[in-house]
>>> print(open('protein_11.cif').read())   # mmCIF, C-alpha atoms
data_start
loop_
_atom_site.label_atom_id
_atom_site.label_comp_id
_atom_site.auth_asym_id
_atom_site.auth_seq_id
_atom_site.Cartn_x
_atom_site.Cartn_y
_atom_site.Cartn_z
CA MET A 20 57.89 -41.88 -127.68
CA THR A 21 57.13 -42.53 -124.02
CA THR A 22 60.29 -43.48 -122.13
CA ASN A 23 60.93 -45.49 -118.99
CA ALA A 24 62.66 -42.49 -117.42
CA ALA A 25 59.67 -40.21 -118.04
CA LEU A 26 57.23 -42.75 -116.61
CA GLN A 27 59.47 -43.35 -113.60
CA SER A 28 59.49 -39.63 -112.88
CA ARG A 29 55.70 -39.58 -113.03
CA ARG A 30 55.50 -42.67 -110.82
CA VAL A 31 57.67 -41.10 -108.13
CA ALA A 32 55.48 -38.01 -108.11
CA ALA A 33 52.13 -39.84 -108.15
CA VAL A 34 52.65 -43.11 -106.21
CA PRO A 35 53.71 -43.44 -102.55
CA ARG A 36 57.20 -44.75 -101.79
CA GLY A 37 55.69 -47.59 -99.75
CA LEU A 38 54.89 -49.32 -103.06
CA PRO A 39 58.37 -50.12 -104.38
CA THR A 40 59.38 -50.84 -107.95
CA MET A 41 62.16 -53.36 -108.43
CA LEU A 42 63.04 -52.15 -111.93
CA PRO A 43 62.30 -48.74 -113.50
CA VAL A 44 61.04 -50.57 -116.58
CA PHE A 45 57.46 -50.12 -117.76
CA ALA A 46 55.76 -53.00 -119.56
CA ALA A 47 53.96 -52.32 -122.82
CA LYS A 48 53.36 -55.86 -124.07
CA ALA A 49 53.82 -59.43 -122.85
CA GLU A 50 53.50 -62.82 -124.52
CA ASN A 51 54.16 -66.22 -122.92
CA ALA A 52 57.60 -65.81 -121.25
CA GLU A 53 58.59 -62.47 -122.78
CA ILE A 54 57.90 -58.83 -121.94
CA TRP A 55 58.54 -55.70 -124.02
CA ASP A 56 58.89 -52.31 -122.37
CA VAL A 57 57.60 -48.96 -123.62
CA GLU A 58 60.89 -48.37 -125.42
CA GLY A 59 60.62 -51.66 -127.29
CA LYS A 60 63.26 -53.59 -125.34
CA ARG A 61 62.61 -57.31 -124.91
CA TYR A 62 62.95 -59.10 -121.57
CA ILE A 63 62.82 -62.80 -120.73
CA ASP A 64 60.50 -63.20 -117.78
CA PHE A 65 61.76 -65.37 -114.92
CA ALA A 66 59.31 -63.72 -112.49
CA SER A 67 55.86 -64.44 -113.96
CA GLY A 68 54.41 -61.43 -112.14
CA ILE A 69 55.56 -63.07 -108.86
CA ALA A 70 54.33 -66.57 -109.74
CA VAL A 71 51.04 -65.44 -111.29
CA VAL A 72 51.26 -66.33 -114.98
CA GLY A 73 52.24 -69.98 -114.65
CA THR A 74 50.46 -70.58 -117.96
CA GLY A 75 52.33 -67.68 -119.55
CA HIS A 76 51.34 -64.14 -120.39
CA ARG A 77 48.13 -64.01 -122.41
CA HIS A 78 47.67 -67.72 -122.93
CA PRO A 79 45.25 -67.95 -125.88
CA LYS A 80 42.78 -70.21 -124.05
CA VAL A 81 42.71 -67.95 -121.00
CA VAL A 82 42.23 -64.86 -123.18
CA GLU A 83 39.46 -66.59 -125.13
CA ALA A 84 37.63 -67.61 -121.95
CA VAL A 85 37.80 -64.11 -120.46
CA LYS A 86 36.66 -62.48 -123.69
CA ALA A 87 33.66 -64.81 -123.84
CA GLN A 88 32.76 -63.98 -120.24
CA LEU A 89 33.19 -60.26 -120.89
CA ASP A 90 30.75 -60.51 -123.77
CA ALA A 91 28.19 -61.92 -121.31
CA PHE A 92 28.80 -59.78 -118.18
CA SER A 93 31.73 -58.54 -116.15
CA HIS A 94 30.26 -58.25 -112.64
CA VAL A 95 27.01 -58.99 -110.83
CA CYS A 96 28.41 -60.03 -107.39
CA VAL A 97 28.09 -63.68 -106.45
CA GLN A 98 26.37 -62.68 -103.19
CA VAL A 99 23.55 -61.06 -105.19
CA THR A 100 23.07 -63.13 -108.34
CA PRO A 101 25.49 -66.08 -108.58
CA TYR A 102 26.84 -67.60 -111.78
CA GLU A 103 27.83 -71.07 -112.94
CA SER A 104 31.55 -70.47 -113.47
CA TYR A 105 32.03 -69.84 -109.74
CA ILE A 106 30.37 -73.16 -108.90
CA ALA A 107 32.20 -75.06 -111.65
CA LEU A 108 35.61 -73.80 -110.51
CA ALA A 109 34.81 -74.61 -106.88
CA GLU A 110 33.78 -78.13 -107.86
CA LYS A 111 37.05 -78.73 -109.71
CA LEU A 112 39.19 -77.50 -106.81
CA ASN A 113 37.17 -79.49 -104.30
CA GLU A 114 37.93 -82.61 -106.33
CA ARG A 115 41.65 -81.87 -106.37
CA MET A 116 42.25 -80.92 -102.73
CA PRO A 117 44.17 -83.74 -101.01
CA GLY A 118 42.39 -85.82 -98.38
CA PRO A 119 39.17 -87.79 -98.04
CA GLY A 120 35.67 -86.45 -97.56
CA PRO A 121 33.64 -83.61 -99.10
CA LYS A 122 35.27 -80.21 -99.63
CA LYS A 123 33.99 -76.69 -100.22
CA THR A 124 35.64 -73.59 -101.71
CA ILE A 125 35.12 -69.86 -101.33
CA PHE A 126 36.71 -67.46 -103.80
CA LEU A 127 38.22 -64.11 -102.90
CA THR A 128 40.51 -61.66 -104.70
CA THR A 129 44.04 -61.68 -103.24
CA GLY A 130 46.29 -64.15 -101.47
CA ALA A 131 46.22 -62.07 -98.31
CA GLU A 132 42.43 -62.05 -98.39
CA ALA A 133 42.45 -65.84 -98.65
CA LEU A 134 44.71 -66.08 -95.58
CA GLU A 135 42.51 -63.67 -93.63
CA ASN A 136 39.48 -65.82 -94.38
CA ALA A 137 41.29 -69.06 -93.59
CA VAL A 138 41.99 -67.67 -90.11
CA LYS A 139 38.33 -66.62 -89.75
CA ILE A 140 37.16 -70.09 -90.77
CA ALA A 141 39.62 -71.82 -88.46
CA ARG A 142 38.58 -69.71 -85.48
CA ALA A 143 34.88 -70.17 -86.22
CA ALA A 144 35.30 -73.94 -86.59
CA THR A 145 37.39 -74.49 -83.46
CA GLY A 146 36.25 -71.70 -81.16
CA ARG A 147 39.94 -71.00 -80.49
CA PRO A 148 41.97 -67.83 -81.11
CA GLY A 149 45.63 -68.89 -81.52
CA ILE A 150 47.50 -69.23 -84.81
CA VAL A 151 51.01 -70.67 -85.09
CA ALA A 152 53.09 -69.66 -88.13
CA PHE A 153 56.78 -69.82 -89.00
CA ALA A 154 59.80 -67.54 -89.06
CA GLY A 155 60.57 -66.50 -92.63
CA ALA A 156 56.99 -67.00 -93.80
CA PHE A 157 55.19 -64.49 -95.99
CA HIS A 158 51.40 -64.45 -95.93
CA GLY A 159 50.50 -60.89 -96.96
CA ARG A 160 50.44 -57.20 -96.08
CA THR A 161 47.04 -56.74 -94.42
CA MET A 162 47.00 -56.31 -90.65
CA MET A 163 46.27 -59.99 -89.94
CA THR A 164 48.63 -61.32 -92.57
CA MET A 165 51.41 -58.99 -91.44
CA ALA A 166 51.07 -60.62 -88.04
CA LEU A 167 51.22 -64.05 -89.67
CA THR A 168 54.27 -63.11 -91.76
CA GLY A 169 57.55 -64.14 -90.12
CA LYS A 170 59.71 -61.31 -91.40
CA VAL A 171 59.87 -57.79 -89.96
CA SER A 172 61.56 -55.72 -92.67
CA PRO A 173 59.99 -54.28 -94.74
CA TYR A 174 56.54 -55.67 -94.02
CA LYS A 175 55.91 -54.72 -90.39
CA ILE A 176 57.93 -51.55 -89.86
CA GLY A 177 55.77 -48.67 -88.67
CA PHE A 178 52.48 -50.58 -88.63
CA ALA A 179 52.22 -51.89 -85.06
CA PRO A 180 50.28 -52.91 -83.08
CA LEU A 181 49.41 -56.04 -85.01
CA PRO A 182 46.69 -58.57 -84.15
CA GLY A 183 47.51 -60.80 -81.20
CA ASP A 184 47.37 -64.54 -80.59
CA VAL A 185 49.83 -65.14 -83.44
CA TYR A 186 53.02 -67.06 -82.63
CA HIS A 187 56.10 -67.99 -84.66
CA VAL A 188 58.48 -70.92 -84.45
CA PRO A 189 61.60 -71.61 -86.54
CA PHE A 190 61.13 -73.15 -89.98
CA PRO A 191 63.41 -76.14 -90.72
CA ASP A 192 66.33 -74.91 -92.84
CA ALA A 193 69.14 -77.42 -93.12
CA TYR A 194 71.43 -75.03 -95.00
CA HIS A 195 71.33 -72.57 -92.12
CA GLY A 196 71.49 -75.22 -89.43
CA ILE A 197 67.85 -75.38 -88.29
CA THR A 198 66.86 -79.04 -88.02
CA ILE A 199 63.43 -80.62 -88.00
CA GLU A 200 64.02 -81.63 -84.40
CA GLN A 201 64.83 -78.04 -83.39
CA SER A 202 61.66 -76.73 -85.04
CA LEU A 203 59.51 -79.35 -83.34
CA ALA A 204 61.22 -78.66 -80.02
CA ALA A 205 60.47 -74.95 -80.42
CA LEU A 206 56.81 -75.77 -81.06
CA LYS A 207 56.75 -77.91 -77.94
CA THR A 208 58.32 -75.07 -75.95
CA LEU A 209 55.75 -72.64 -77.37
CA PHE A 210 52.97 -74.88 -76.07
CA LYS A 211 54.61 -74.91 -72.63
CA ALA A 212 55.64 -71.26 -72.39
CA ASP A 213 53.23 -69.10 -74.39
CA ILE A 214 49.98 -70.76 -75.41
CA ASP A 215 48.12 -73.90 -74.40
CA PRO A 216 47.60 -76.03 -77.53
CA ALA A 217 43.94 -76.22 -76.51
CA ARG A 218 43.75 -72.51 -77.42
CA VAL A 219 45.38 -72.93 -80.85
CA ALA A 220 43.00 -72.87 -83.81
CA ALA A 221 45.52 -73.62 -86.54
CA ILE A 222 49.11 -74.14 -87.57
CA LEU A 223 49.84 -72.33 -90.85
CA ILE A 224 52.67 -73.31 -93.17
CA GLU A 225 53.91 -72.85 -96.72
CA PRO A 226 54.95 -76.21 -98.23
CA VAL A 227 57.79 -74.26 -99.81
CA GLN A 228 58.59 -70.93 -98.18
CA GLY A 229 58.36 -68.30 -100.91
CA GLU A 230 59.60 -64.90 -99.76
CA GLY A 231 61.57 -66.72 -97.06
CA GLY A 232 63.94 -68.17 -99.66
CA PHE A 233 62.25 -71.02 -101.57
CA ILE A 234 62.92 -73.47 -98.74
CA PRO A 235 60.92 -76.71 -99.08
CA ALA A 236 59.32 -77.94 -95.89
CA PRO A 237 60.72 -81.43 -95.23
CA PHE A 238 58.02 -84.04 -95.79
CA GLU A 239 58.82 -85.58 -92.41
CA PHE A 240 58.18 -82.21 -90.78
CA LEU A 241 54.79 -81.80 -92.50
CA LYS A 242 53.82 -85.28 -91.34
CA SER A 243 54.84 -84.43 -87.77
CA LEU A 244 52.73 -81.26 -87.88
CA ARG A 245 49.77 -83.29 -89.09
CA GLN A 246 50.18 -85.65 -86.11
CA ILE A 247 50.50 -82.76 -83.65
CA CYS A 248 47.40 -81.09 -85.07
CA ASP A 249 45.42 -84.32 -84.82
CA GLU A 250 46.59 -84.86 -81.25
CA HIS A 251 45.49 -81.41 -80.06
CA GLY A 252 42.45 -80.74 -82.27
CA ILE A 253 44.35 -78.07 -84.21
CA LEU A 254 43.66 -77.38 -87.88
CA LEU A 255 46.50 -77.57 -90.40
CA ILE A 256 46.36 -74.74 -92.94
CA VAL A 257 48.63 -74.99 -95.97
CA ASP A 258 49.39 -71.79 -97.86
CA GLU A 259 49.61 -72.73 -101.56
CA VAL A 260 49.35 -69.16 -102.83
CA GLN A 261 52.78 -69.26 -104.52
CA THR A 262 53.31 -73.01 -104.78
CA GLY A 263 49.97 -74.02 -106.25
CA PHE A 264 48.89 -74.89 -109.79
CA GLY A 265 51.82 -76.84 -111.08
CA ARG A 266 54.88 -74.88 -110.02
CA THR A 267 56.36 -77.81 -108.06
CA GLY A 268 55.33 -80.60 -110.43
CA LYS A 269 52.09 -81.33 -108.57
CA LEU A 270 48.92 -79.29 -108.73
CA PHE A 271 49.55 -78.51 -105.05
CA ALA A 272 52.98 -78.73 -103.44
CA VAL A 273 51.67 -80.43 -100.31
CA GLU A 274 50.79 -83.46 -102.44
CA HIS A 275 54.49 -84.40 -102.55
CA SER A 276 54.40 -85.12 -98.82
CA GLY A 277 51.23 -87.20 -98.74
CA VAL A 278 49.85 -84.89 -96.04
CA ALA A 279 46.22 -83.78 -96.24
CA PRO A 280 45.57 -80.30 -94.82
CA ASP A 281 42.31 -79.18 -93.26
CA LEU A 282 42.27 -75.86 -95.11
CA MET A 283 44.28 -74.65 -98.07
CA THR A 284 44.73 -71.16 -99.49
CA VAL A 285 45.27 -70.57 -103.21
CA ALA A 286 45.74 -67.56 -105.51
CA LYS A 287 48.35 -66.31 -108.02
CA SER A 288 48.59 -68.82 -110.91
CA LEU A 289 44.97 -69.92 -110.52
CA GLY A 290 43.83 -66.84 -112.43
CA GLY A 291 46.42 -66.86 -115.21
CA GLY A 292 46.88 -63.11 -114.80
CA PHE A 293 43.43 -62.26 -113.42
CA PRO A 294 42.94 -61.58 -109.68
CA ILE A 295 41.42 -64.48 -107.80
CA SER A 296 42.16 -66.37 -104.61
CA GLY A 297 40.40 -68.97 -102.55
CA VAL A 298 40.13 -71.09 -99.46
CA ILE A 299 39.51 -74.80 -100.03
CA GLY A 300 38.71 -76.99 -97.07
CA LYS A 301 36.80 -79.78 -95.43
CA ALA A 302 33.11 -79.07 -95.88
CA GLU A 303 32.21 -79.13 -92.20
CA LEU A 304 34.95 -76.59 -91.43
CA MET A 305 34.09 -74.33 -94.35
CA ASP A 306 30.47 -74.24 -93.16
CA ALA A 307 31.42 -73.06 -89.66
CA PRO A 308 31.05 -69.29 -90.25
CA ILE A 309 27.46 -68.06 -90.18
CA PRO A 310 25.79 -66.81 -93.38
CA GLY A 311 27.21 -63.38 -94.15
CA GLY A 312 30.40 -64.08 -92.22
CA LEU A 313 32.32 -64.59 -95.46
CA GLY A 314 32.24 -62.70 -98.72
CA GLY A 315 33.48 -59.73 -100.74
CA THR A 316 32.09 -57.51 -103.47
CA TYR A 317 34.59 -58.55 -106.15
CA ALA A 318 35.37 -61.97 -104.66
CA GLY A 319 35.27 -64.69 -107.30
CA SER A 320 34.95 -62.25 -110.21
CA PRO A 321 33.22 -63.82 -113.24
CA LEU A 322 36.20 -62.90 -115.42
CA SER A 323 38.64 -64.52 -112.99
CA CYS A 324 36.52 -67.66 -112.57
CA ALA A 325 36.43 -68.05 -116.35
CA ALA A 326 40.20 -67.61 -116.41
CA GLY A 327 40.64 -70.16 -113.61
CA LEU A 328 38.66 -72.81 -115.45
CA ALA A 329 40.79 -72.20 -118.55
CA VAL A 330 44.01 -72.40 -116.49
CA LEU A 331 43.07 -75.81 -115.09
CA LYS A 332 42.32 -77.02 -118.61
CA VAL A 333 45.66 -75.73 -119.92
CA ILE A 334 47.59 -77.38 -117.06
CA GLU A 335 45.98 -80.70 -117.94
CA GLU A 336 46.06 -80.49 -121.74
CA GLU A 337 49.62 -79.18 -121.97
CA LYS A 338 50.91 -81.51 -119.23
CA LEU A 339 52.39 -78.61 -117.28
CA LEU A 340 52.94 -80.71 -114.15
CA ASP A 341 55.46 -82.77 -116.10
CA ARG A 342 56.81 -79.64 -117.74
CA ALA A 343 57.53 -78.09 -114.34
CA LYS A 344 59.80 -81.01 -113.48
CA VAL A 345 61.66 -80.64 -116.79
CA ILE A 346 62.11 -76.89 -116.24
CA GLY A 347 63.37 -77.52 -112.71
CA LYS A 348 65.93 -80.05 -113.94
CA ILE A 349 67.22 -77.74 -116.67
CA ILE A 350 67.69 -74.93 -114.14
CA THR A 351 69.28 -77.04 -111.40
CA ASP A 352 71.59 -78.85 -113.84
CA ARG A 353 72.88 -75.52 -115.15
CA LEU A 354 73.34 -74.09 -111.65
CA LYS A 355 75.18 -77.21 -110.44
CA LYS A 356 77.47 -77.07 -113.45
CA MET A 357 78.23 -73.43 -112.67
CA ALA A 358 78.77 -74.13 -108.95
CA ALA A 359 81.37 -76.77 -109.80
CA THR A 360 83.71 -74.11 -111.24
CA ASN A 361 85.94 -71.69 -109.32
CA THR A 362 84.27 -68.70 -110.95
CA PHE A 363 81.01 -69.40 -109.18
CA SER A 364 82.18 -70.06 -105.63
CA CYS A 365 79.47 -67.53 -104.71
CA ILE A 366 76.84 -70.24 -105.23
CA GLY A 367 76.20 -71.59 -101.76
CA ASP A 368 73.04 -73.66 -102.12
CA ILE A 369 70.76 -74.85 -104.90
CA ARG A 370 67.36 -76.08 -103.79
CA GLY A 371 63.78 -76.44 -104.81
CA LEU A 372 60.84 -78.67 -105.55
CA GLY A 373 59.95 -79.40 -109.16
CA GLY A 374 60.11 -76.14 -111.08
CA MET A 375 60.26 -74.00 -107.94
CA VAL A 376 64.03 -73.54 -107.79
CA ALA A 377 66.32 -71.10 -105.99
CA VAL A 378 70.03 -70.40 -105.67
CA GLU A 379 71.50 -68.87 -102.51
CA LEU A 380 74.47 -66.57 -103.07
CA VAL A 381 77.21 -66.29 -100.45
CA SER A 382 80.48 -64.46 -99.97
CA ASP A 383 81.99 -67.46 -98.15
CA ARG A 384 80.86 -71.00 -98.82
CA THR A 385 82.32 -72.38 -95.62
CA ALA A 386 80.76 -69.75 -93.36
CA ARG A 387 77.68 -69.54 -95.63
CA THR A 388 77.75 -65.76 -95.34
CA PRO A 389 74.83 -64.20 -97.25
CA ALA A 390 75.81 -62.05 -100.24
CA ALA A 391 72.88 -59.64 -100.40
CA ASP A 392 74.74 -56.94 -102.34
CA LEU A 393 75.83 -59.44 -104.99
CA THR A 394 72.26 -60.70 -105.29
CA LYS A 395 70.90 -57.19 -105.78
CA ALA A 396 73.60 -56.42 -108.32
CA LEU A 397 72.75 -59.59 -110.25
CA VAL A 398 69.05 -58.66 -110.44
CA HIS A 399 69.87 -55.27 -111.95
CA LYS A 400 72.70 -56.42 -114.23
CA ALA A 401 70.52 -59.25 -115.56
CA ALA A 402 67.71 -56.78 -116.22
CA ALA A 403 70.06 -54.57 -118.20
CA ALA A 404 70.88 -57.66 -120.27
CA GLY A 405 67.19 -58.44 -120.83
CA LEU A 406 66.19 -60.82 -118.02
CA VAL A 407 63.69 -60.19 -115.22
CA LEU A 408 64.78 -61.92 -112.01
CA LEU A 409 63.39 -61.88 -108.47
CA SER A 410 65.34 -62.09 -105.24
CA CYS A 411 64.01 -63.29 -101.89
CA GLY A 412 65.17 -64.75 -98.59
CA VAL A 413 65.37 -63.49 -95.04
CA TYR A 414 68.88 -62.17 -95.81
CA GLY A 415 68.05 -60.94 -99.33
CA ASN A 416 70.57 -63.28 -100.95
CA VAL A 417 68.41 -65.78 -102.84
CA ILE A 418 67.49 -65.73 -106.52
CA ARG A 419 64.18 -67.48 -107.17
CA PHE A 420 63.27 -68.92 -110.54
CA LEU A 421 59.64 -68.46 -111.59
CA PRO A 422 59.47 -68.66 -115.39
CA PRO A 423 56.08 -69.52 -116.89
CA LEU A 424 55.63 -73.27 -117.14
CA THR A 425 54.91 -72.70 -120.84
CA ILE A 426 58.38 -71.29 -121.51
CA SER A 427 60.30 -72.96 -124.35
CA ASP A 428 63.67 -74.63 -123.78
CA ALA A 429 65.26 -72.08 -126.08
CA VAL A 430 64.02 -69.05 -124.13
CA LEU A 431 64.72 -70.75 -120.80
CA ASN A 432 68.32 -71.45 -121.78
CA GLU A 433 68.71 -67.95 -123.17
CA GLY A 434 67.75 -66.62 -119.74
CA LEU A 435 70.15 -69.00 -118.00
CA ASP A 436 72.91 -67.85 -120.35
CA ILE A 437 72.33 -64.28 -119.18
CA ILE A 438 72.57 -65.37 -115.54
CA GLU A 439 75.79 -67.28 -116.15
CA LYS A 440 77.36 -64.36 -118.01
CA THR A 441 76.28 -61.57 -115.64
CA LEU A 442 76.95 -63.47 -112.41
CA GLY A 443 80.32 -64.54 -113.79
CA GLU A 444 81.24 -60.92 -114.50
CA LEU A 445 80.14 -59.81 -111.03
CA ALA A 446 81.96 -62.67 -109.30
CA THR A 447 85.15 -62.01 -111.23
CA ALA A 448 85.06 -58.31 -110.41
CA ALA A 449 84.48 -58.91 -106.71
#
>>> encode(input="protein_11.cif", output="structure tokens")
Amino acid sequence: MTTNAALQSRRVAAVPRGLPTMLPVFAAKAENAEIWDVEGKRYIDFASGIAVVGTGHRHPKVVEAVKAQLDAFSHVCVQVTPYESYIALAEKLNERMPGPGPKKTIFLTTGAEALENAVKIARAATGRPGIVAFAGAFHGRTMMTMALTGKVSPYKIGFAPLPGDVYHVPFPDAYHGITIEQSLAALKTLFKADIDPARVAAILIEPVQGEGGFIPAPFEFLKSLRQICDEHGILLIVDEVQTGFGRTGKLFAVEHSGVAPDLMTVAKSLGGGFPISGVIGKAELMDAPIPGGLGGTYAGSPLSCAAGLAVLKVIEEEKLLDRAKVIGKIITDRLKKMAATNTFSCIGDIRGLGGMVAVELVSDRTARTPAADLTKALVHKAAAAGLVLLSCGVYGNVIRFLPPLTISDAVLNEGLDIIEKTLGELATAA
């Protein structure tokens, strides 16, 4: 029988260290919210492939749609001979993007590729070079998206120089003492000290910071950014790569705020496990690049477009927007109950939007001192007990909850039981 240890040894020999593996556990099978490794051990999945399988592993309707497409053709390249599924999926997303007026969508393959193209579109539409992003943001690992990402380690180490005309300001984070007013003041200072707003093409923001720690952008802040963009002719780009397709209880997280972006990037859960990303935006902006300025050989793969159409149908038919809110309440209620006891004084903050929930672990609640070692220990101890968890946060001390939105209450609570037991043991031993 193939073992995890044997495969890990082969991985170390064959794959560069720059591609890390959180757990030395090799998947052999997955179904809905469960994964089985090559040794037959079962794991509850609270990671969803980093927010990709929002409709669960191998949802029957997604599998059926992809199989049907595969029986027809797998690839012809939309830039050579297009196909209806690409157009149909674009039409559905155009209808759902917030804001008035006609929209257009281009499909790509990865979230980083979507961000790269959003920057290209914004620069082509405005004739300006500057992009403003936020500290703590994660937008990808390509050269441009590394520059956009507001976190140095591990993403930027050893890769400089990065593209210029990218600027960062603090992201509002009440738990760590960064107010909306401070963030807006920093933006104002940026416009006075580093770049004239007349040279800024776009402000780019995640409606909930993902890698940065699952920190929701205050609605008031998003509205202020919209006003600033309108005042200076700047485009507002919202990165919905991790937040999109039901995770927060809306199809897109920005909908909670009532703010309409100019451009929006999507990926991850759109494909239900198949690689696809996109940029959705106001039609006149999307048409700014000249013919041939946008594209990609595998962009908008027929298999992924078929999967995307099935995902949208599943979200609607199974009422997954409502389900996300229920999942979020179950998680936050359990965490709050734990935090109210002396055993779990390590729980510093519980936050989220809909089903996009996180818990920040600290060694001192009063000082709010990040407990990165405890967080790492919890991830590995939970895995040993059969639960896949992801950490995040600028200080590496946040546990993010990303179970499939199709997870049952029984499996969800089983996973929460593992967290309560393993974190309790770690906290008691500390």
>>> residues_near_point(input="protein_11.cif", point="(54.9, -65.7, -121.8)", cutoff="12 Å", atoms="all atoms listed in the file", output="PyMOL selection string")
chain A and resi 48-55+61-68+71-79+291-292+421-427+430-431
>>> write_last_selection(input="protein_11.cif", atoms="C-alpha atoms", output="PDB file, in the frame of the given file")
ATOM      1  CA  LYS A  48      53.360 -55.860-124.070  1.00  0.00           C
ATOM      2  CA  ALA A  49      53.820 -59.430-122.850  1.00  0.00           C
ATOM      3  CA  GLU A  50      53.500 -62.820-124.520  1.00  0.00           C
ATOM      4  CA  ASN A  51      54.160 -66.220-122.920  1.00  0.00           C
ATOM      5  CA  ALA A  52      57.600 -65.810-121.250  1.00  0.00           C
ATOM      6  CA  GLU A  53      58.590 -62.470-122.780  1.00  0.00           C
ATOM      7  CA  ILE A  54      57.900 -58.830-121.940  1.00  0.00           C
ATOM      8  CA  TRP A  55      58.540 -55.700-124.020  1.00  0.00           C
ATOM      9  CA  ARG A  61      62.610 -57.310-124.910  1.00  0.00           C
ATOM     10  CA  TYR A  62      62.950 -59.100-121.570  1.00  0.00           C
ATOM     11  CA  ILE A  63      62.820 -62.800-120.730  1.00  0.00           C
ATOM     12  CA  ASP A  64      60.500 -63.200-117.780  1.00  0.00           C
ATOM     13  CA  PHE A  65      61.760 -65.370-114.920  1.00  0.00           C
ATOM     14  CA  ALA A  66      59.310 -63.720-112.490  1.00  0.00           C
ATOM     15  CA  SER A  67      55.860 -64.440-113.960  1.00  0.00           C
ATOM     16  CA  GLY A  68      54.410 -61.430-112.140  1.00  0.00           C
ATOM     17  CA  VAL A  71      51.040 -65.440-111.290  1.00  0.00           C
ATOM     18  CA  VAL A  72      51.260 -66.330-114.980  1.00  0.00           C
ATOM     19  CA  GLY A  73      52.240 -69.980-114.650  1.00  0.00           C
ATOM     20  CA  THR A  74      50.460 -70.580-117.960  1.00  0.00           C
ATOM     21  CA  GLY A  75      52.330 -67.680-119.550  1.00  0.00           C
ATOM     22  CA  HIS A  76      51.340 -64.140-120.390  1.00  0.00           C
ATOM     23  CA  ARG A  77      48.130 -64.010-122.410  1.00  0.00           C
ATOM     24  CA  HIS A  78      47.670 -67.720-122.930  1.00  0.00           C
ATOM     25  CA  PRO A  79      45.250 -67.950-125.880  1.00  0.00           C
ATOM     26  CA  GLY A 291      46.420 -66.860-115.210  1.00  0.00           C
ATOM     27  CA  GLY A 292      46.880 -63.110-114.800  1.00  0.00           C
ATOM     28  CA  LEU A 421      59.640 -68.460-111.590  1.00  0.00           C
ATOM     29  CA  PRO A 422      59.470 -68.660-115.390  1.00  0.00           C
ATOM     30  CA  PRO A 423      56.080 -69.520-116.890  1.00  0.00           C
ATOM     31  CA  LEU A 424      55.630 -73.270-117.140  1.00  0.00           C
ATOM     32  CA  THR A 425      54.910 -72.700-120.840  1.00  0.00           C
ATOM     33  CA  ILE A 426      58.380 -71.290-121.510  1.00  0.00           C
ATOM     34  CA  SER A 427      60.300 -72.960-124.350  1.00  0.00           C
ATOM     35  CA  VAL A 430      64.020 -69.050-124.130  1.00  0.00           C
ATOM     36  CA  LEU A 431      64.720 -70.750-120.800  1.00  0.00           C
TER      37      LEU A 431
END
>>> residues_around(input="protein_11.cif", residues="A:Met305", least_positions_apart="3", cutoff="10 Å", atoms="only C-alpha atoms", output="ChimeraX atom specification")
/A:122-125,137,139-141,143-144,281-282,298-302,308,313
>>> resolve_selection(input="protein_11.cif", expression="the PyMOL selection byres ((chain A and resi 146) around 12)", output="NGL selection string")
:A and (138-145 or 147-149 or 217-221 or 252-254 or 304 or 307-308)
>>> residues_near_point(input="protein_11.cif", point="(51.3, -63.1, -104.0)", cutoff="10 Å", atoms="only C-alpha atoms", output="list of chain:residue names")
A:Gly68, A:Ile69, A:Ala70, A:Val71, A:Thr129, A:Gly130, A:Ala131, A:Phe157, A:His158, A:Gly159, A:Arg160, A:Gly229, A:Glu230, A:Val260, A:Gln261, A:Val285, A:Ala286, A:Lys287, A:Ser288, A:Ser296
>>> atom_distance(input="protein_11.cif", atom1="atom CA of A:Leu408", atom2="atom CA of A:Phe363")
18.1 Å
>>> resolve_selection(input="protein_11.cif", expression="the PyMOL selection byres ((chain A and resi 387) around 10)", output="short mmCIF file (atom, residue, chain, number, x, y, z; two decimals) with C-alpha atoms, in the frame of the given file")
data_model
loop_
_atom_site.label_atom_id
_atom_site.label_comp_id
_atom_site.auth_asym_id
_atom_site.auth_seq_id
_atom_site.Cartn_x
_atom_site.Cartn_y
_atom_site.Cartn_z
CA TYR A 194 71.43 -75.03 -95.00
CA HIS A 195 71.33 -72.57 -92.12
CA CYS A 365 79.47 -67.53 -104.71
CA ILE A 366 76.84 -70.24 -105.23
CA GLY A 367 76.20 -71.59 -101.76
CA ASP A 368 73.04 -73.66 -102.12
CA GLU A 379 71.50 -68.87 -102.51
CA LEU A 380 74.47 -66.57 -103.07
CA VAL A 381 77.21 -66.29 -100.45
CA SER A 382 80.48 -64.46 -99.97
CA ASP A 383 81.99 -67.46 -98.15
CA ARG A 384 80.86 -71.00 -98.82
CA THR A 385 82.32 -72.38 -95.62
CA ALA A 386 80.76 -69.75 -93.36
CA THR A 388 77.75 -65.76 -95.34
CA PRO A 389 74.83 -64.20 -97.25
CA ALA A 390 75.81 -62.05 -100.24
#
>>> resolve_selection(input="protein_11.cif", expression="the PyMOL selection byres ((chain A and resi 337) around 12)", output="list in words")
Thr74, His78, Lys80, Gly265, Ala329, Val330, Leu331, Lys332, Val333, Ile334, Glu335, Glu336, Lys338, Leu339, Leu340, Asp341, Arg342, Ala343, Leu424, Thr425 and Ile426 of chain A
>>> atom_distance(input="protein_11.cif", atom1="atom CA of A:Glu274", atom2="atom CA of A:Leu241")
10.8 Å
>>> atom_distance(input="protein_11.cif", atom1="atom CA of A:Lys400", atom2="atom CA of A:Gly155")
26.7 Å
>>> residues_around(input="protein_11.cif", residues="stretch 85-88 of chain A", least_positions_apart="4", cutoff="8 Å", atoms="only C-alpha atoms", output="list in words")
Val81, Phe92, Ser93, Pro321, Leu322, Ser323, Ala325 and Ala326 of chain A
